[in-house]
file model-v2.tsv (TSV, C-alpha atoms)
chain	number	residue	atom	x	y	z
A	14	MET	CA	-3.11	30.44	-21.95
A	15	MET	CA	-6.51	30.46	-20.24
A	16	SER	CA	-8.75	27.48	-20.86
A	17	LYS	CA	-10.80	28.05	-23.98
A	18	THR	CA	-13.96	26.38	-25.18
A	19	TRP	CA	-14.19	25.45	-28.86
A	20	LEU	CA	-17.46	24.48	-30.53
A	21	VAL	CA	-16.79	22.69	-33.82
A	22	THR	CA	-19.57	21.59	-36.16
A	23	GLY	CA	-19.31	18.55	-38.41
A	24	THR	CA	-16.66	16.59	-36.50
A	25	HIS	CA	-17.59	13.16	-37.86
A	26	THR	CA	-15.15	13.32	-40.79
A	27	GLY	CA	-12.69	15.55	-42.62
A	28	PHE	CA	-11.38	18.82	-41.24
A	29	GLY	CA	-13.81	18.74	-38.34
A	30	LYS	CA	-12.64	15.32	-37.17
A	31	GLN	CA	-8.98	16.30	-37.33
A	32	LEU	CA	-9.68	19.51	-35.43
A	33	ALA	CA	-11.58	17.56	-32.78
A	34	ILE	CA	-8.82	14.95	-32.38
A	35	GLN	CA	-6.15	17.58	-31.90
A	36	LEU	CA	-8.22	19.89	-29.68
A	37	ALA	CA	-9.18	16.94	-27.48
A	38	GLN	CA	-5.51	16.43	-26.64
A	39	HIS	CA	-4.98	19.98	-25.33
A	40	ASP	CA	-5.33	20.04	-21.55
A	41	ASP	CA	-6.24	23.74	-21.58
A	42	ILE	CA	-9.07	23.43	-24.13
A	43	ASN	CA	-12.68	22.35	-23.73
A	44	LEU	CA	-14.22	20.80	-26.82
A	45	VAL	CA	-17.84	20.74	-27.92
A	46	ALA	CA	-17.86	18.34	-30.87
A	47	THR	CA	-20.97	17.88	-32.98
A	48	SER	CA	-22.31	15.30	-35.36
A	49	ARG	CA	-25.71	14.48	-36.81
A	50	LYS	CA	-25.88	10.92	-35.46
A	51	ALA	CA	-25.16	9.25	-32.15
A	52	GLY	CA	-22.05	7.09	-32.04
A	53	GLN	CA	-20.17	8.98	-34.75
A	54	LEU	CA	-17.97	10.72	-32.17
A	55	ASP	CA	-16.96	7.65	-30.14
A	56	TYR	CA	-13.41	8.12	-31.40
A	57	LEU	CA	-13.10	10.99	-28.91
A	58	ASP	CA	-13.70	8.81	-25.85
A	59	GLN	CA	-10.02	7.86	-25.61
A	60	TYR	CA	-9.11	11.51	-25.01
A	61	ASP	CA	-11.96	12.44	-22.67
A	62	HIS	CA	-11.09	13.41	-19.13
A	63	GLY	CA	-14.10	15.65	-18.58
A	64	GLN	CA	-13.27	18.37	-21.11
A	65	ILE	CA	-15.29	17.01	-24.06
A	66	ALA	CA	-18.99	17.39	-24.79
A	67	LYS	CA	-20.41	15.35	-27.66
A	68	VAL	CA	-23.55	16.95	-29.09
A	69	ILE	CA	-26.02	15.73	-31.70
A	70	LEU	CA	-26.46	18.57	-34.19
A	71	ASP	CA	-27.97	18.99	-37.62
A	72	VAL	CA	-27.22	22.62	-38.46
A	73	THR	CA	-30.36	22.83	-40.60
A	74	LYS	CA	-32.55	22.30	-37.51
A	75	HIS	CA	-32.88	25.48	-35.46
A	76	ASP	CA	-33.91	23.72	-32.26
A	77	GLN	CA	-30.76	21.59	-32.38
A	78	VAL	CA	-28.62	24.68	-33.00
A	79	VAL	CA	-30.11	26.38	-29.95
A	80	ALA	CA	-29.64	23.25	-27.86
A	81	ALA	CA	-26.00	22.83	-28.94
A	82	VAL	CA	-25.07	26.38	-27.99
A	83	LYS	CA	-26.96	26.09	-24.70
A	84	SER	CA	-25.21	22.81	-23.94
A	85	ALA	CA	-21.82	24.42	-24.49
A	86	THR	CA	-22.52	27.39	-22.24
A	87	GLU	CA	-24.08	25.30	-19.48
A	88	ARG	CA	-21.21	22.81	-19.50
A	89	PHE	CA	-18.26	25.17	-19.91
A	90	GLY	CA	-19.57	28.66	-19.17
A	91	GLY	CA	-19.16	30.15	-22.62
A	92	ILE	CA	-17.87	29.70	-26.16
A	93	ASP	CA	-14.50	31.18	-27.08
A	94	VAL	CA	-14.09	29.74	-30.58
A	95	LEU	CA	-16.85	28.76	-32.99
A	96	VAL	CA	-15.75	26.70	-35.99
A	97	ASN	CA	-18.45	26.49	-38.67
A	98	ASN	CA	-17.09	23.47	-40.50
A	99	ALA	CA	-20.22	21.46	-41.37
A	100	GLY	CA	-20.81	21.52	-45.10
A	101	LEU	CA	-21.16	19.57	-48.30
A	102	GLY	CA	-20.53	19.90	-52.02
A	103	TYR	CA	-22.53	19.59	-55.21
A	104	PHE	CA	-21.36	18.86	-58.75
A	105	GLY	CA	-23.52	19.58	-61.78
A	106	THR	CA	-23.73	22.09	-64.58
A	107	PHE	CA	-25.78	25.17	-63.77
A	108	GLU	CA	-28.54	24.22	-66.19
A	109	GLU	CA	-28.83	20.58	-65.18
A	110	SER	CA	-28.46	20.79	-61.40
A	111	ASN	CA	-31.15	19.37	-59.13
A	112	LEU	CA	-32.47	22.43	-57.31
A	113	GLU	CA	-33.78	20.45	-54.35
A	114	ASP	CA	-30.24	19.19	-53.69
A	115	VAL	CA	-28.92	22.69	-54.27
A	116	LYS	CA	-31.34	24.24	-51.79
A	117	TYR	CA	-30.39	21.68	-49.15
A	118	MET	CA	-26.71	22.52	-49.69
A	119	PHE	CA	-27.51	26.20	-49.14
A	120	ASP	CA	-29.38	25.22	-45.96
A	121	VAL	CA	-26.26	23.49	-44.65
A	122	ASN	CA	-23.42	25.63	-46.00
A	123	VAL	CA	-25.01	29.05	-45.59
A	124	TRP	CA	-28.09	29.06	-43.37
A	125	GLY	CA	-26.66	26.50	-40.95
A	126	LEU	CA	-23.56	28.64	-40.56
A	127	VAL	CA	-25.72	31.75	-40.17
A	128	ASP	CA	-27.88	30.11	-37.49
A	129	MET	CA	-24.89	28.86	-35.51
A	130	THR	CA	-23.21	32.25	-35.65
A	131	ARG	CA	-26.32	34.22	-34.67
A	132	GLU	CA	-26.83	31.98	-31.63
A	133	THR	CA	-23.18	32.28	-30.58
A	134	LEU	CA	-22.54	35.97	-31.18
A	135	PRO	CA	-24.54	37.21	-28.15
A	136	ILE	CA	-22.35	35.05	-25.92
A	137	MET	CA	-19.17	36.42	-27.43
A	138	ARG	CA	-20.46	40.00	-27.23
A	139	LYS	CA	-21.17	39.52	-23.53
A	140	GLN	CA	-17.66	38.07	-23.05
A	141	LYS	CA	-16.14	40.87	-25.16
A	142	SER	CA	-14.03	38.18	-26.81
A	143	GLY	CA	-14.24	35.31	-29.24
A	144	VAL	CA	-13.14	33.93	-32.60
A	145	ILE	CA	-15.44	32.81	-35.42
A	146	VAL	CA	-13.76	30.45	-37.88
A	147	ASN	CA	-15.86	29.95	-41.01
A	148	PHE	CA	-14.93	27.29	-43.50
A	149	SER	CA	-15.08	28.66	-47.01
A	150	SER	CA	-13.03	27.15	-49.82
A	151	ILE	CA	-10.89	28.06	-52.78
A	152	GLY	CA	-14.39	27.81	-54.24
A	153	GLY	CA	-15.19	31.01	-52.36
A	154	LEU	CA	-12.44	32.80	-54.26
A	155	TYR	CA	-12.23	31.07	-57.64
A	156	SER	CA	-14.86	29.45	-59.87
A	157	PHE	CA	-14.78	26.15	-61.75
A	158	PRO	CA	-17.29	24.53	-64.14
A	159	THR	CA	-19.95	22.22	-62.60
A	160	LEU	CA	-19.68	23.90	-59.19
A	161	SER	CA	-21.76	27.03	-59.72
A	162	PHE	CA	-24.09	26.46	-56.79
A	163	TYR	CA	-21.35	25.27	-54.46
A	164	HIS	CA	-19.51	28.46	-55.33
A	165	GLY	CA	-22.70	30.35	-54.56
A	166	THR	CA	-22.67	28.99	-51.01
A	167	LYS	CA	-19.02	29.78	-50.43
A	168	TYR	CA	-19.12	33.24	-52.00
A	169	ALA	CA	-22.06	33.87	-49.65
A	170	VAL	CA	-19.98	32.73	-46.67
A	171	GLU	CA	-17.19	35.07	-47.75
A	172	GLY	CA	-19.50	38.07	-48.02
A	173	ILE	CA	-21.37	37.37	-44.80
A	174	THR	CA	-18.17	36.86	-42.85
A	175	GLY	CA	-16.67	40.07	-44.22
A	176	SER	CA	-19.59	42.07	-42.90
A	177	ILE	CA	-19.52	40.29	-39.54
A	178	GLU	CA	-15.83	41.17	-39.29
A	179	GLU	CA	-16.59	44.86	-39.71
A	180	GLU	CA	-19.44	44.78	-37.21
A	181	VAL	CA	-17.64	42.99	-34.37
A	182	LYS	CA	-14.02	44.09	-34.65
A	183	GLY	CA	-14.55	46.72	-31.97
A	184	LEU	CA	-16.10	44.16	-29.61
A	185	GLY	CA	-13.08	41.93	-29.07
A	186	ILE	CA	-14.36	39.36	-31.58
A	187	LYS	CA	-12.38	38.21	-34.61
A	188	THR	CA	-13.21	36.23	-37.74
A	189	MET	CA	-11.13	33.97	-39.95
A	190	LEU	CA	-12.14	32.46	-43.29
A	191	VAL	CA	-10.47	29.14	-44.04
A	192	GLU	CA	-10.14	28.58	-47.81
A	193	PRO	CA	-8.74	25.12	-48.56
A	194	SER	CA	-8.05	23.66	-51.97
A	195	GLY	CA	-7.91	19.87	-52.49
A	196	PHE	CA	-7.49	18.00	-49.20
A	197	ARG	CA	-7.77	14.33	-48.34
A	198	THR	CA	-11.29	14.51	-46.93
A	199	ASP	CA	-14.65	13.12	-48.08
A	200	TRP	CA	-15.68	16.37	-49.78
A	201	ALA	CA	-15.30	15.27	-53.41
A	202	GLY	CA	-16.58	11.79	-52.62
A	203	ARG	CA	-19.20	10.88	-50.03
A	204	SER	CA	-19.81	14.46	-48.87
A	205	SER	CA	-21.00	15.79	-52.21
A	206	HIS	CA	-23.98	15.15	-54.47
A	207	LYS	CA	-23.44	14.82	-58.20
A	208	THR	CA	-25.66	15.27	-61.24
A	209	MET	CA	-23.85	14.04	-64.33
A	210	PRO	CA	-24.26	15.98	-67.60
A	211	THR	CA	-26.87	14.64	-70.01
A	212	HIS	CA	-26.78	17.29	-72.74
A	213	ASP	CA	-24.20	16.84	-75.48
A	214	ASP	CA	-23.12	20.47	-75.04
A	215	TYR	CA	-21.99	19.69	-71.50
A	216	GLU	CA	-20.57	16.20	-72.07
A	217	GLN	CA	-17.04	17.59	-71.79
A	218	PHE	CA	-17.58	18.16	-68.06
A	219	THR	CA	-18.35	14.52	-67.26
A	220	LYS	CA	-14.66	13.75	-67.01
A	221	PHE	CA	-14.11	16.71	-64.69
A	222	ILE	CA	-16.70	15.40	-62.23
A	223	ASP	CA	-15.39	11.82	-62.50
A	224	ASP	CA	-11.81	12.93	-61.97
A	225	MET	CA	-12.76	14.93	-58.87
A	226	ALA	CA	-14.63	11.95	-57.38
A	227	ASN	CA	-11.90	9.46	-58.27
A	228	GLY	CA	-9.27	11.75	-56.79
A	229	ALA	CA	-10.95	11.84	-53.37
A	230	HIS	CA	-8.45	11.02	-50.59
A	231	HIS	CA	-5.55	11.43	-53.02
A	232	GLU	CA	-5.40	15.23	-52.99
A	233	PRO	CA	-2.17	16.99	-51.95
A	234	GLY	CA	-3.69	18.67	-48.90
A	235	ASP	CA	-3.20	17.02	-45.50
A	236	PRO	CA	-6.15	17.67	-43.14
A	237	VAL	CA	-3.93	16.92	-40.13
A	238	MET	CA	-1.61	19.76	-41.09
A	239	ALA	CA	-4.58	22.03	-41.83
A	240	ALA	CA	-6.00	21.41	-38.35
A	241	GLU	CA	-2.63	22.13	-36.76
A	242	ILE	CA	-2.37	25.43	-38.63
A	243	ILE	CA	-5.88	26.55	-37.69
A	244	ILE	CA	-5.42	25.73	-34.00
A	245	ASP	CA	-2.02	27.43	-33.93
A	246	GLN	CA	-3.31	30.58	-35.59
A	247	VAL	CA	-6.26	30.92	-33.21
A	248	THR	CA	-4.31	29.91	-30.12
A	249	ASN	CA	-0.94	31.57	-30.63
A	250	HIS	CA	-1.47	34.31	-33.20
A	251	SER	CA	-4.83	35.80	-32.24
A	252	ASP	CA	-3.38	39.33	-32.29
A	253	GLN	CA	-2.58	38.93	-36.00
A	254	LEU	CA	-5.22	36.41	-36.98
A	255	PRO	CA	-5.56	36.32	-40.79
A	256	THR	CA	-9.03	37.22	-42.01
A	257	HIS	CA	-8.39	34.98	-45.03
A	258	LEU	CA	-6.44	31.73	-44.76
A	259	PRO	CA	-6.01	29.93	-48.10
A	260	LEU	CA	-4.70	26.45	-47.33
A	261	GLY	CA	-2.74	24.47	-49.89
A	262	LYS	CA	-0.55	25.53	-52.82
A	263	ILE	CA	-3.42	25.33	-55.32
A	264	SER	CA	-5.60	27.60	-53.20
A	265	SER	CA	-2.82	30.12	-52.71
A	266	ASP	CA	-1.77	30.06	-56.37
A	267	LEU	CA	-5.29	30.45	-57.74
A	268	ALA	CA	-6.22	33.19	-55.28
A	269	ILE	CA	-3.09	35.20	-56.12
A	270	ASP	CA	-3.58	34.66	-59.85
A	271	LYS	CA	-7.24	35.67	-59.82
A	272	TYR	CA	-6.87	38.79	-57.71
A	273	THR	CA	-3.71	39.92	-59.48
A	274	LYS	CA	-5.57	39.78	-62.80
A	275	LEU	CA	-8.66	41.43	-61.30
A	276	LEU	CA	-6.57	44.25	-59.87
A	277	GLN	CA	-5.08	44.93	-63.29
A	278	GLN	CA	-8.52	44.79	-64.90
A	279	PHE	CA	-9.89	47.30	-62.38
A	280	LYS	CA	-6.95	49.60	-63.09
A	281	ASP	CA	-7.44	49.29	-66.84
A	282	GLU	CA	-11.11	50.22	-66.45
A	283	ARG	CA	-10.43	53.08	-64.02
A	284	GLU	CA	-11.36	55.96	-66.33
A	285	LEU	CA	-14.42	54.12	-67.63
A	286	SER	CA	-15.54	53.44	-64.07
A	287	LEU	CA	-15.10	57.06	-62.99
A	288	SER	CA	-17.07	58.30	-65.98
A	289	ALA	CA	-20.25	56.86	-64.44
A	290	ASP	CA	-20.16	59.49	-61.68
A	291	ARG	CA	-21.68	62.90	-62.24
A	292	PRO	CA	-22.23	65.25	-59.28
A	293	GLU	CA	-25.76	66.50	-58.78
A	294	ARG	CA	-26.38	69.95	-60.17
A	295	ASN	CA	-27.68	72.62	-57.87
A	296	ASP	CA	-29.26	75.32	-60.01
A	297	ASN	CA	-30.48	77.37	-57.01
call {"tool": "encode", "arguments": {"input": "model-v2.tsv", "output": "C-alpha cells"}}
result
Amino acid sequence: MMSKTWLVTGTHTGFGKQLAIQLAQHDDINLVATSRKAGQLDYLDQYDHGQIAKVILDVTKHDQVVAAVKSATERFGGIDVLVNNAGLGYFGTFEESNLEDVKYMFDVNVWGLVDMTRETLPIMRKQKSGVIVNFSSIGGLYSFPTLSFYHGTKYAVEGITGSIEEEVKGLGIKTMLVEPSGFRTDWAGRSSHKTMPTHDDYEQFTKFIDDMANGAHHEPGDPVMAAEIIIDQVTNHSDQLPTHLPLGKISSDLAIDKYTKLLQQFKDERELSLSADRPERNDN
C-alpha cells in the first residue's frame, strides 16, 4: 500500500486518541494529529520517527483550520484521509436547554466539520482520490429524550455527508459515516455539557442524564476495537467502503429496528402519499 496521510481531528481523547495511537504505529502512514492545547499529544512522541505532525487546532476557528490543512500538505504533500472526529455532547430537555451551549456544540459538531471538509476537498479533488470519515453517532439515526440538540448536530452531519457522497463519488473520493453507540470514551462525561431538568413535568429525565454520566467509561463499546475497524475499512476495503458504519450492538440493533419500522410505515402510507400528486392540466 502506498504511504497515506491521515488528518484526524480531536486526538486528545476517545476515538481520536485511539485512532492516532494505532495510525502512528503504521510505517506506511503519515499522521497529522490535532488537539486544542499544546502538550495534549505528547503521548505520540514514543511512536514518532518523522511521520507524525502534531497540530494545534480548534475546529471553530477558521484560521486554525486553514493552518492545519496547510501544515499537512506542506509536510506530507497531501491529505488522503480526513477524519472529522472532534465533537461534544449536550444533555438537556428541548425546552430547558441552554442555547449558548447548544450553539457552541453546533459550531464544533457541524460547522467545524464543514470547515475542515471544505478546506480539504480541493486537495482531494486535485489528487482525484481521498476518503472523508465523518463521526456521526447512533444519535444521527435514532433519537432519545434530553438529546434533541445533539441529535440535531448528528442528523445534520448525516445529511451533509450524504450530499457530499453524491457530489464526489465520480471524483475518486469516498465518504464513510461512523455511527457508534455507547463506547468507553469521555463523551457522556467530561465531553458533554448537561442542563438538569427543573420543571416537574421533566423530572423523570433526571435519572436518564445521571445514568448516562455515571455510566461513562463502563459502556460495552471498546474504542480500541472501533479504531481498528475504521483503519481496516479505509486501508483494506476502500473498494467497498461502507457509507454507514454503525459500531456496537446497540447502534446496529436500534438502526435496524428504526428503519425496519419506518419502511413498513412508508409502505402502509403509500396510497395516501401518492394521492398528493396531481399532474398539471393542459387545457390548450
call {"tool": "atom_distance", "arguments": {"input": "model-v2.tsv", "atom1": "CA of Lys220 in chain A", "atom2": "CA of Ile269 in chain A"}}
result
26.7 Å
call {"tool": "closest_residue", "arguments": {"input": "model-v2.tsv", "among": "A:Val237, A:Leu276, A:Leu184, A:Met129", "to": "Val21 in chain A", "atoms": "all atoms listed in the file"}}
result
A:Met129
call {"tool": "closest_residue", "arguments": {"input": "model-v2.tsv", "among": "A:Ile65, A:Val72, A:Ile151, A:Met189", "to": "Phe89 in chain A", "atoms": "all atoms listed in the file"}}
result
A:Ile65
call {"tool": "closest_residue", "arguments": {"input": "model-v2.tsv", "among": "A:Asp93, A:Asp214, A:Asp58, A:Asp252", "to": "Ile42 in chain A", "atoms": "all atoms listed in the file"}}
result
A:Asp93
call {"tool": "closest_residue", "arguments": {"input": "model-v2.tsv", "among": "A:Thr248, A:Ser264, A:Gln217, A:Thr86", "to": "His39 in chain A", "atoms": "all atoms listed in the file"}}
result
A:Thr248
call {"tool": "residues_around", "arguments": {"input": "model-v2.tsv", "residues": "Gly261 in chain A", "least_positions_apart": "5", "cutoff": "8 Å", "atoms": "all atoms listed in the file", "output": "list in words"}}
result
Pro193, Ser194, Gly195, Pro233 and Gly234 of chain A
call {"tool": "residues_around", "arguments": {"input": "model-v2.tsv", "residues": "Arg138 in chain A", "least_positions_apart": "6", "cutoff": "9 Å", "atoms": "only C-alpha atoms", "output": "CSV table (one decimal) with C-alpha atoms, in the frame of the given file"}}
result
chain,number,residue,atom,x,y,z
A,181,VAL,CA,-17.6,43.0,-34.4
A,184,LEU,CA,-16.1,44.2,-29.6
A,185,GLY,CA,-13.1,41.9,-29.1
A,186,ILE,CA,-14.4,39.4,-31.6
call {"tool": "atom_distance", "arguments": {"input": "model-v2.tsv", "atom1": "CA of Asp223 in chain A", "atom2": "CA of Thr211 in chain A"}}
result
14.0 Å
call {"tool": "build_atoms", "arguments": {"input": "model-v2.tsv", "residues": "range 35-46 of chain A", "atoms": "all heavy atoms", "output": "PDB file, in the frame of the given file"}}
result
ATOM      1  N   GLN A  35      -7.260  16.795 -32.426  1.00  0.00           N
ATOM      2  CA  GLN A  35      -6.150  17.580 -31.900  1.00  0.00           C
ATOM      3  C   GLN A  35      -6.564  18.445 -30.712  1.00  0.00           C
ATOM      4  O   GLN A  35      -5.844  18.549 -29.719  1.00  0.00           O
ATOM      5  CB  GLN A  35      -5.549  18.431 -33.013  1.00  0.00           C
ATOM      6  CG  GLN A  35      -4.885  17.592 -34.096  1.00  0.00           C
ATOM      7  CD  GLN A  35      -4.188  18.415 -35.155  1.00  0.00           C
ATOM      8  OE1 GLN A  35      -3.619  19.455 -34.863  1.00  0.00           O
ATOM      9  NE2 GLN A  35      -4.231  17.952 -36.395  1.00  0.00           N
ATOM     10  N   LEU A  36      -7.739  19.065 -30.790  1.00  0.00           N
ATOM     11  CA  LEU A  36      -8.220  19.890 -29.680  1.00  0.00           C
ATOM     12  C   LEU A  36      -8.434  19.054 -28.430  1.00  0.00           C
ATOM     13  O   LEU A  36      -8.170  19.516 -27.313  1.00  0.00           O
ATOM     14  CB  LEU A  36      -9.516  20.593 -30.067  1.00  0.00           C
ATOM     15  CG  LEU A  36      -9.397  21.696 -31.112  1.00  0.00           C
ATOM     16  CD1 LEU A  36     -10.778  22.080 -31.638  1.00  0.00           C
ATOM     17  CD2 LEU A  36      -8.683  22.920 -30.543  1.00  0.00           C
ATOM     18  N   ALA A  37      -8.894  17.812 -28.619  1.00  0.00           N
ATOM     19  CA  ALA A  37      -9.180  16.940 -27.480  1.00  0.00           C
ATOM     20  C   ALA A  37      -7.915  16.588 -26.697  1.00  0.00           C
ATOM     21  O   ALA A  37      -8.004  16.175 -25.530  1.00  0.00           O
ATOM     22  CB  ALA A  37      -9.852  15.654 -27.965  1.00  0.00           C
ATOM     23  N   GLN A  38      -6.767  16.776 -27.302  1.00  0.00           N
ATOM     24  CA  GLN A  38      -5.510  16.430 -26.640  1.00  0.00           C
ATOM     25  C   GLN A  38      -4.820  17.627 -25.996  1.00  0.00           C
ATOM     26  O   GLN A  38      -3.714  17.493 -25.471  1.00  0.00           O
ATOM     27  CB  GLN A  38      -4.583  15.749 -27.652  1.00  0.00           C
ATOM     28  CG  GLN A  38      -5.154  14.434 -28.172  1.00  0.00           C
ATOM     29  CD  GLN A  38      -4.293  13.788 -29.232  1.00  0.00           C
ATOM     30  OE1 GLN A  38      -3.192  13.287 -28.954  1.00  0.00           O
ATOM     31  NE2 GLN A  38      -4.773  13.787 -30.472  1.00  0.00           N
ATOM     32  N   HIS A  39      -5.492  18.790 -26.021  1.00  0.00           N
ATOM     33  CA  HIS A  39      -4.980  19.980 -25.330  1.00  0.00           C
ATOM     34  C   HIS A  39      -5.621  20.048 -23.949  1.00  0.00           C
ATOM     35  O   HIS A  39      -6.842  20.141 -23.822  1.00  0.00           O
ATOM     36  CB  HIS A  39      -5.323  21.248 -26.124  1.00  0.00           C
ATOM     37  CG  HIS A  39      -4.475  21.466 -27.326  1.00  0.00           C
ATOM     38  ND1 HIS A  39      -3.497  22.436 -27.387  1.00  0.00           N
ATOM     39  CD2 HIS A  39      -4.453  20.832 -28.533  1.00  0.00           C
ATOM     40  CE1 HIS A  39      -2.909  22.399 -28.574  1.00  0.00           C
ATOM     41  NE2 HIS A  39      -3.476  21.433 -29.285  1.00  0.00           N
ATOM     42  N   ASP A  40      -4.797  20.020 -22.912  1.00  0.00           N
ATOM     43  CA  ASP A  40      -5.330  20.040 -21.550  1.00  0.00           C
ATOM     44  C   ASP A  40      -6.024  21.348 -21.202  1.00  0.00           C
ATOM     45  O   ASP A  40      -6.839  21.393 -20.285  1.00  0.00           O
ATOM     46  CB  ASP A  40      -4.196  19.796 -20.545  1.00  0.00           C
ATOM     47  CG  ASP A  40      -3.676  18.368 -20.619  1.00  0.00           C
ATOM     48  OD1 ASP A  40      -4.448  17.480 -21.044  1.00  0.00           O
ATOM     49  OD2 ASP A  40      -2.507  18.140 -20.249  1.00  0.00           O
ATOM     50  N   ASP A  41      -5.679  22.430 -21.915  1.00  0.00           N
ATOM     51  CA  ASP A  41      -6.240  23.740 -21.580  1.00  0.00           C
ATOM     52  C   ASP A  41      -7.384  24.133 -22.511  1.00  0.00           C
ATOM     53  O   ASP A  41      -7.750  25.301 -22.598  1.00  0.00           O
ATOM     54  CB  ASP A  41      -5.151  24.809 -21.621  1.00  0.00           C
ATOM     55  CG  ASP A  41      -4.374  24.821 -22.925  1.00  0.00           C
ATOM     56  OD1 ASP A  41      -4.671  23.980 -23.799  1.00  0.00           O
ATOM     57  OD2 ASP A  41      -3.463  25.656 -23.086  1.00  0.00           O
ATOM     58  N   ILE A  42      -7.973  23.155 -23.206  1.00  0.00           N
ATOM     59  CA  ILE A  42      -9.070  23.430 -24.130  1.00  0.00           C
ATOM     60  C   ILE A  42     -10.251  22.520 -23.825  1.00  0.00           C
ATOM     61  O   ILE A  42     -10.086  21.316 -23.615  1.00  0.00           O
ATOM     62  CB  ILE A  42      -8.620  23.232 -25.597  1.00  0.00           C
ATOM     63  CG1 ILE A  42      -7.694  24.379 -26.025  1.00  0.00           C
ATOM     64  CG2 ILE A  42      -9.813  23.155 -26.545  1.00  0.00           C
ATOM     65  CD1 ILE A  42      -7.134  24.244 -27.423  1.00  0.00           C
ATOM     66  N   ASN A  43     -11.438  23.123 -23.775  1.00  0.00           N
ATOM     67  CA  ASN A  43     -12.680  22.350 -23.730  1.00  0.00           C
ATOM     68  C   ASN A  43     -13.205  22.228 -25.150  1.00  0.00           C
ATOM     69  O   ASN A  43     -13.148  23.185 -25.918  1.00  0.00           O
ATOM     70  CB  ASN A  43     -13.726  23.065 -22.871  1.00  0.00           C
ATOM     71  CG  ASN A  43     -13.245  23.293 -21.453  1.00  0.00           C
ATOM     72  OD1 ASN A  43     -12.680  22.406 -20.830  1.00  0.00           O
ATOM     73  ND2 ASN A  43     -13.475  24.498 -20.937  1.00  0.00           N
ATOM     74  N   LEU A  44     -13.743  21.061 -25.464  1.00  0.00           N
ATOM     75  CA  LEU A  44     -14.220  20.800 -26.820  1.00  0.00           C
ATOM     76  C   LEU A  44     -15.684  20.425 -26.825  1.00  0.00           C
ATOM     77  O   LEU A  44     -16.096  19.489 -26.120  1.00  0.00           O
ATOM     78  CB  LEU A  44     -13.403  19.673 -27.465  1.00  0.00           C
ATOM     79  CG  LEU A  44     -13.931  19.118 -28.796  1.00  0.00           C
ATOM     80  CD1 LEU A  44     -13.895  20.184 -29.893  1.00  0.00           C
ATOM     81  CD2 LEU A  44     -13.137  17.878 -29.210  1.00  0.00           C
ATOM     82  N   VAL A  45     -16.470  21.146 -27.621  1.00  0.00           N
ATOM     83  CA  VAL A  45     -17.840  20.740 -27.920  1.00  0.00           C
ATOM     84  C   VAL A  45     -17.824  20.259 -29.368  1.00  0.00           C
ATOM     85  O   VAL A  45     -17.669  21.056 -30.298  1.00  0.00           O
ATOM     86  CB  VAL A  45     -18.831  21.907 -27.747  1.00  0.00           C
ATOM     87  CG1 VAL A  45     -20.252  21.434 -28.028  1.00  0.00           C
ATOM     88  CG2 VAL A  45     -18.719  22.502 -26.348  1.00  0.00           C
ATOM     89  N   ALA A  46     -17.928  18.958 -29.543  1.00  0.00           N
ATOM     90  CA  ALA A  46     -17.860  18.340 -30.870  1.00  0.00           C
ATOM     91  C   ALA A  46     -19.253  17.921 -31.286  1.00  0.00           C
ATOM     92  O   ALA A  46     -20.005  17.347 -30.491  1.00  0.00           O
ATOM     93  CB  ALA A  46     -16.932  17.133 -30.853  1.00  0.00           C
TER      94      ALA A  46
END
